[in-house]
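This is target.pdb (PDB, C-alpha atoms).
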```
ATOM      1  CA  MET Q   4     157.817 199.865 -62.714  1.00  0.00           C
ATOM      2  CA  HIS Q   5     156.912 197.590 -65.631  1.00  0.00           C
ATOM      3  CA  LYS Q   6     159.631 195.136 -64.607  1.00  0.00           C
ATOM      4  CA  LEU Q   7     158.169 194.948 -61.100  1.00  0.00           C
ATOM      5  CA  ILE Q   8     154.636 194.277 -62.421  1.00  0.00           C
ATOM      6  CA  PHE Q   9     156.019 191.687 -64.859  1.00  0.00           C
ATOM      7  CA  THR Q  10     157.991 189.973 -62.084  1.00  0.00           C
ATOM      8  CA  ILE Q  11     154.999 189.901 -59.728  1.00  0.00           C
ATOM      9  CA  SER Q  12     152.753 188.576 -62.518  1.00  0.00           C
ATOM     10  CA  CYS Q  13     155.226 185.809 -63.348  1.00  0.00           C
ATOM     11  CA  PHE Q  14     155.498 184.915 -59.660  1.00  0.00           C
ATOM     12  CA  ILE Q  15     151.689 184.736 -59.304  1.00  0.00           C
ATOM     13  CA  PHE Q  16     151.363 182.541 -62.411  1.00  0.00           C
ATOM     14  CA  PHE Q  17     154.149 180.336 -61.050  1.00  0.00           C
ATOM     15  CA  LEU Q  18     152.298 179.917 -57.745  1.00  0.00           C
ATOM     16  CA  ILE Q  19     148.996 179.165 -59.484  1.00  0.00           C
ATOM     17  CA  GLY Q  20     150.711 176.597 -61.678  1.00  0.00           C
ATOM     18  CA  CYS Q  21     152.187 174.836 -58.635  1.00  0.00           C
ATOM     19  CA  ALA Q  22     148.935 174.699 -56.688  1.00  0.00           C
ATOM     20  CA  SER Q  23     147.520 171.224 -56.277  1.00  0.00           C
ATOM     21  CA  LYS Q  24     143.997 170.590 -57.464  1.00  0.00           C
ATOM     22  CA  PRO Q  25     141.561 170.912 -54.532  1.00  0.00           C
ATOM     23  CA  ILE Q  26     138.663 168.495 -54.068  1.00  0.00           C
ATOM     24  CA  ASN Q  27     135.587 170.063 -55.559  1.00  0.00           C
ATOM     25  CA  LEU Q  28     132.670 169.170 -53.317  1.00  0.00           C
ATOM     26  CA  PHE Q  29     130.146 170.304 -55.914  1.00  0.00           C
ATOM     27  CA  GLU Q  30     131.292 168.316 -58.946  1.00  0.00           C
ATOM     28  CA  PRO Q  31     129.124 165.469 -60.283  1.00  0.00           C
ATOM     29  CA  GLY Q  32     129.680 162.024 -58.754  1.00  0.00           C
ATOM     30  CA  GLN Q  33     132.250 159.632 -60.134  1.00  0.00           C
ATOM     31  CA  SER Q  34     131.333 156.033 -60.897  1.00  0.00           C
ATOM     32  CA  LYS Q  35     133.584 153.487 -59.196  1.00  0.00           C
ATOM     33  CA  PRO Q  36     132.980 149.815 -58.336  1.00  0.00           C
ATOM     34  CA  LYS Q  37     135.171 150.249 -55.226  1.00  0.00           C
ATOM     35  CA  MET Q  38     135.217 153.322 -53.039  1.00  0.00           C
ATOM     36  CA  GLU Q  39     136.144 154.455 -49.536  1.00  0.00           C
ATOM     37  CA  PHE Q  40     133.653 155.925 -47.116  1.00  0.00           C
ATOM     38  CA  ILE Q  41     134.150 159.570 -46.219  1.00  0.00           C
ATOM     39  CA  ASP Q  42     131.347 161.281 -44.318  1.00  0.00           C
ATOM     40  CA  ILE Q  43     130.813 164.147 -46.799  1.00  0.00           C
ATOM     41  CA  SER Q  44     128.109 164.800 -49.390  1.00  0.00           C
ATOM     42  CA  LYS Q  45     130.502 163.964 -52.236  1.00  0.00           C
ATOM     43  CA  PHE Q  46     130.350 160.350 -51.029  1.00  0.00           C
ATOM     44  CA  ASP Q  47     126.573 160.340 -51.618  1.00  0.00           C
ATOM     45  CA  ARG Q  48     127.007 161.659 -55.155  1.00  0.00           C
ATOM     46  CA  ASP Q  49     129.737 159.119 -55.953  1.00  0.00           C
ATOM     47  CA  LEU Q  50     127.730 156.220 -54.504  1.00  0.00           C
ATOM     48  CA  SER Q  51     124.570 157.308 -56.326  1.00  0.00           C
ATOM     49  CA  THR Q  52     126.444 157.527 -59.629  1.00  0.00           C
ATOM     50  CA  SER Q  53     128.107 154.146 -59.046  1.00  0.00           C
ATOM     51  CA  LEU Q  54     124.810 152.463 -58.177  1.00  0.00           C
ATOM     52  CA  SER Q  55     123.087 153.911 -61.248  1.00  0.00           C
ATOM     53  CA  ASP Q  56     125.830 152.607 -63.555  1.00  0.00           C
ATOM     54  CA  LYS Q  57     126.059 149.011 -64.676  1.00  0.00           C
ATOM     55  CA  HIS Q  58     128.253 147.805 -61.811  1.00  0.00           C
ATOM     56  CA  ASP Q  59     126.910 144.507 -60.455  1.00  0.00           C
ATOM     57  CA  SER Q  60     128.350 145.423 -57.080  1.00  0.00           C
ATOM     58  CA  VAL Q  61     129.707 148.557 -55.450  1.00  0.00           C
ATOM     59  CA  GLU Q  62     132.042 147.996 -52.511  1.00  0.00           C
ATOM     60  CA  VAL Q  63     132.436 150.622 -49.806  1.00  0.00           C
ATOM     61  CA  ALA Q  64     135.488 150.186 -47.576  1.00  0.00           C
ATOM     62  CA  PHE Q  65     136.276 152.159 -44.429  1.00  0.00           C
ATOM     63  CA  TYR Q  66     139.371 154.172 -43.555  1.00  0.00           C
ATOM     64  CA  ASP Q  67     138.446 153.776 -39.884  1.00  0.00           C
ATOM     65  CA  LYS Q  68     136.676 150.541 -39.037  1.00  0.00           C
ATOM     66  CA  VAL Q  69     133.403 151.142 -37.226  1.00  0.00           C
ATOM     67  CA  SER Q  70     131.291 149.037 -34.924  1.00  0.00           C
ATOM     68  CA  PRO Q  71     128.179 147.625 -36.570  1.00  0.00           C
ATOM     69  CA  ASN Q  72     126.239 149.358 -33.797  1.00  0.00           C
ATOM     70  CA  ASN Q  73     127.679 152.742 -34.853  1.00  0.00           C
ATOM     71  CA  VAL Q  74     127.098 152.780 -38.611  1.00  0.00           C
ATOM     72  CA  PRO Q  75     127.467 156.410 -39.752  1.00  0.00           C
ATOM     73  CA  ASP Q  76     124.136 158.156 -40.400  1.00  0.00           C
ATOM     74  CA  ARG Q  77     125.071 158.787 -44.022  1.00  0.00           C
ATOM     75  CA  LEU Q  78     125.369 155.031 -44.658  1.00  0.00           C
ATOM     76  CA  GLN Q  79     122.390 154.151 -42.482  1.00  0.00           C
ATOM     77  CA  LYS Q  80     120.210 156.235 -44.787  1.00  0.00           C
ATOM     78  CA  TRP Q  81     121.400 154.234 -47.801  1.00  0.00           C
ATOM     79  CA  LEU Q  82     120.770 150.938 -45.981  1.00  0.00           C
ATOM     80  CA  SER Q  83     117.346 152.135 -44.876  1.00  0.00           C
ATOM     81  CA  SER Q  84     116.492 153.042 -48.453  1.00  0.00           C
ATOM     82  CA  ILE Q  85     117.422 149.540 -49.598  1.00  0.00           C
ATOM     83  CA  GLU Q  86     115.074 147.947 -47.065  1.00  0.00           C
ATOM     84  CA  LYS Q  87     112.351 150.524 -47.734  1.00  0.00           C
ATOM     85  CA  THR Q  88     112.367 149.642 -51.447  1.00  0.00           C
ATOM     86  CA  GLY Q  89     112.249 145.860 -50.892  1.00  0.00           C
ATOM     87  CA  GLY Q  90     115.939 145.035 -50.751  1.00  0.00           C
ATOM     88  CA  LYS Q  91     117.699 143.037 -48.059  1.00  0.00           C
ATOM     89  CA  VAL Q  92     120.471 144.025 -45.683  1.00  0.00           C
ATOM     90  CA  GLU Q  93     122.580 141.031 -44.691  1.00  0.00           C
ATOM     91  CA  VAL Q  94     125.185 140.944 -41.925  1.00  0.00           C
ATOM     92  CA  ARG Q  95     127.972 138.416 -42.500  1.00  0.00           C
ATOM     93  CA  ARG Q  96     130.234 137.081 -39.783  1.00  0.00           C
ATOM     94  CA  PRO Q  97     133.979 137.616 -40.030  1.00  0.00           C
ATOM     95  CA  GLU Q  98     135.459 135.426 -42.761  1.00  0.00           C
ATOM     96  CA  GLY Q  99     136.587 132.059 -41.469  1.00  0.00           C
ATOM     97  CA  GLU Q 100     134.566 132.412 -38.262  1.00  0.00           C
ATOM     98  CA  PHE Q 101     131.991 129.665 -38.008  1.00  0.00           C
ATOM     99  CA  ALA Q 102     130.406 130.544 -34.688  1.00  0.00           C
ATOM    100  CA  SER Q 103     130.115 133.792 -32.862  1.00  0.00           C
ATOM    101  CA  LYS Q 104     132.165 134.081 -29.694  1.00  0.00           C
ATOM    102  CA  ASP Q 105     128.985 135.248 -28.012  1.00  0.00           C
ATOM    103  CA  PRO Q 106     125.883 133.551 -29.465  1.00  0.00           C
ATOM    104  CA  PHE Q 107     123.713 136.583 -28.712  1.00  0.00           C
ATOM    105  CA  ALA Q 108     126.154 139.127 -30.165  1.00  0.00           C
ATOM    106  CA  LEU Q 109     125.011 138.795 -33.771  1.00  0.00           C
ATOM    107  CA  LEU Q 110     121.353 138.773 -32.722  1.00  0.00           C
ATOM    108  CA  SER Q 111     121.934 141.959 -30.754  1.00  0.00           C
ATOM    109  CA  LEU Q 112     123.814 143.481 -33.660  1.00  0.00           C
ATOM    110  CA  ALA Q 113     121.090 142.588 -36.143  1.00  0.00           C
ATOM    111  CA  GLY Q 114     118.409 143.903 -33.763  1.00  0.00           C
ATOM    112  CA  THR Q 115     120.225 147.192 -33.265  1.00  0.00           C
ATOM    113  CA  LEU Q 116     120.805 147.601 -36.990  1.00  0.00           C
ATOM    114  CA  PHE Q 117     117.161 146.792 -37.746  1.00  0.00           C
ATOM    115  CA  SER Q 118     115.894 149.279 -35.131  1.00  0.00           C
ATOM    116  CA  THR Q 119     118.143 152.008 -36.484  1.00  0.00           C
ATOM    117  CA  LEU Q 120     117.134 151.333 -40.080  1.00  0.00           C
ATOM    118  CA  LYS Q 121     113.448 151.279 -39.142  1.00  0.00           C
ATOM    119  CA  SER Q 122     113.655 154.620 -37.352  1.00  0.00           C
ATOM    120  CA  LEU Q 123     115.566 156.205 -40.222  1.00  0.00           C
ATOM    121  CA  ALA Q 124     113.009 154.937 -42.736  1.00  0.00           C
ATOM    122  CA  THR Q 125     110.396 157.202 -41.189  1.00  0.00           C
ATOM    123  CA  LYS Q 126     112.589 160.324 -41.385  1.00  0.00           C
ATOM    124  CA  PRO Q 127     112.530 162.484 -44.492  1.00  0.00           C
ATOM    125  CA  PHE Q 128     115.558 162.086 -46.741  1.00  0.00           C
ATOM    126  CA  GLU Q 129     117.698 165.047 -47.731  1.00  0.00           C
ATOM    127  CA  GLN Q 130     119.230 163.038 -50.584  1.00  0.00           C
ATOM    128  CA  ASP Q 131     117.554 161.056 -53.343  1.00  0.00           C
ATOM    129  CA  TYR Q 132     118.339 157.413 -52.589  1.00  0.00           C
ATOM    130  CA  GLU Q 133     116.428 156.095 -55.606  1.00  0.00           C
ATOM    131  CA  THR Q 134     119.601 154.548 -57.048  1.00  0.00           C
ATOM    132  CA  ALA Q 135     119.651 152.055 -54.149  1.00  0.00           C
ATOM    133  CA  LYS Q 136     116.331 150.610 -55.343  1.00  0.00           C
ATOM    134  CA  GLY Q 137     116.730 147.043 -56.582  1.00  0.00           C
ATOM    135  CA  ARG Q 138     119.924 146.482 -54.597  1.00  0.00           C
ATOM    136  CA  ASN Q 139     120.808 144.425 -51.551  1.00  0.00           C
ATOM    137  CA  ALA Q 140     123.522 145.308 -49.053  1.00  0.00           C
ATOM    138  CA  ILE Q 141     126.027 142.934 -47.479  1.00  0.00           C
ATOM    139  CA  ILE Q 142     127.708 144.168 -44.317  1.00  0.00           C
ATOM    140  CA  GLN Q 143     130.946 142.189 -43.910  1.00  0.00           C
ATOM    141  CA  LEU Q 144     132.312 142.013 -40.379  1.00  0.00           C
ATOM    142  CA  GLU Q 145     135.854 141.296 -39.266  1.00  0.00           C
ATOM    143  CA  ARG Q 146     137.608 141.127 -35.914  1.00  0.00           C
ATOM    144  CA  ASN Q 147     139.953 143.939 -34.943  1.00  0.00           C
ATOM    145  CA  LYS Q 148     143.075 143.419 -32.836  1.00  0.00           C
ATOM    146  CA  SER Q 149     140.967 143.642 -29.659  1.00  0.00           C
ATOM    147  CA  GLY Q 150     138.673 140.869 -30.898  1.00  0.00           C
ATOM    148  CA  GLU Q 151     135.710 143.215 -31.419  1.00  0.00           C
ATOM    149  CA  ALA Q 152     133.507 142.856 -34.486  1.00  0.00           C
ATOM    150  CA  VAL Q 153     133.876 145.820 -36.850  1.00  0.00           C
ATOM    151  CA  ILE Q 154     132.607 146.504 -40.352  1.00  0.00           C
ATOM    152  CA  SER Q 155     135.274 145.851 -42.961  1.00  0.00           C
ATOM    153  CA  LYS Q 156     133.105 146.791 -45.948  1.00  0.00           C
ATOM    154  CA  ILE Q 157     129.564 147.199 -47.178  1.00  0.00           C
ATOM    155  CA  THR Q 158     128.790 145.881 -50.641  1.00  0.00           C
ATOM    156  CA  PHE Q 159     125.744 147.038 -52.557  1.00  0.00           C
ATOM    157  CA  VAL Q 160     124.803 144.218 -54.944  1.00  0.00           C
ATOM    158  CA  LYS Q 161     122.197 143.533 -57.557  1.00  0.00           C
ATOM    159  CA  PRO Q 162     120.167 140.510 -56.404  1.00  0.00           C
ATOM    160  CA  GLU Q 163     120.695 137.242 -58.238  1.00  0.00           C
ATOM    161  CA  LYS Q 164     117.809 136.303 -60.497  1.00  0.00           C
TER
END
```

Translate this structure into structure tokens?
Amino acid sequence: MHKLIFTISCFIFFLIGCASKPINLFEPGQSKPKMEFIDISKFDRDLSTSLSDKHDSVEVAFYDKVSPNNVPDRLQKWLSSIEKTGGKVEVRRPEGEFASKDPFALLSLAGTLFSTLKSLATKPFEQDYETAKGRNAIIQLERNKSGEAVISKITFVKPEK
């Protein structure tokens, strides 16, 4: 009987030792100057920690490129907070592209983004976005294989003095 209990105990400890470390969604944020966007609350904690540290810029890249007209709500709240606290949100054309293929496309994009940010500014925040205060955001666009403008990254920067 003791051998069976010992064997089972060893087997359990072996399994526990082989288990990979799960992502803890409740751990404090990690400061990184470059991060990837994942639509979970851990992203907010990581971005908040990164913005509160001494990084001059914090770059957020996307696993799946999104249309500038479909910015995820989680990021829209951060962008809204920047504008609400006096910062600027700038949309940059795809690198190397001097003129838009459709001259009204960027105006439409900027108008849509502004409308969304304005409406979100009036909603109560679930998260403290205070760490975005004093920052600007640069939304960098690129063209996908279909020729559509998508967001390649959003960079939160300290304004130049």

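Between atom CA of Tyr66 of chain Q and atom CA of Glu86 of chain Q the separation is 25.3 Å.
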
Subject >> Given the PyMOL selection byres ((chain Q and resi 60) around 8), the residues it picks as a list in words >> reply: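 The output of the PyMOL selection byres ((chain Q and resi 60) around 8) on this file is Pro36, Leu54, His58, Asp59, Val61, Glu62, Thr158, Phe159, Val160 and Lys161 of chain Q.
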
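Across the structure, atom CA of Ser70 of chain Q and atom CA of Ser155 of chain Q are spaced 9.5 Å apart.
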
Original post:
Evaluating the PyMOL selection byres ((chain Q and resi 133-146) around 10) on the displayed file yields which residues, as an MDAnalysis selection string?
Top reply: chainID Q and resid 50:56 59:64 68:71 81:100 130:132 147:163

**OP:** Could you tell me how far atom CA of Asp49 of chain Q lies from atom CA of Ser34 of chain Q, in Å and to one decimal?
**Re:** 6.0 Å
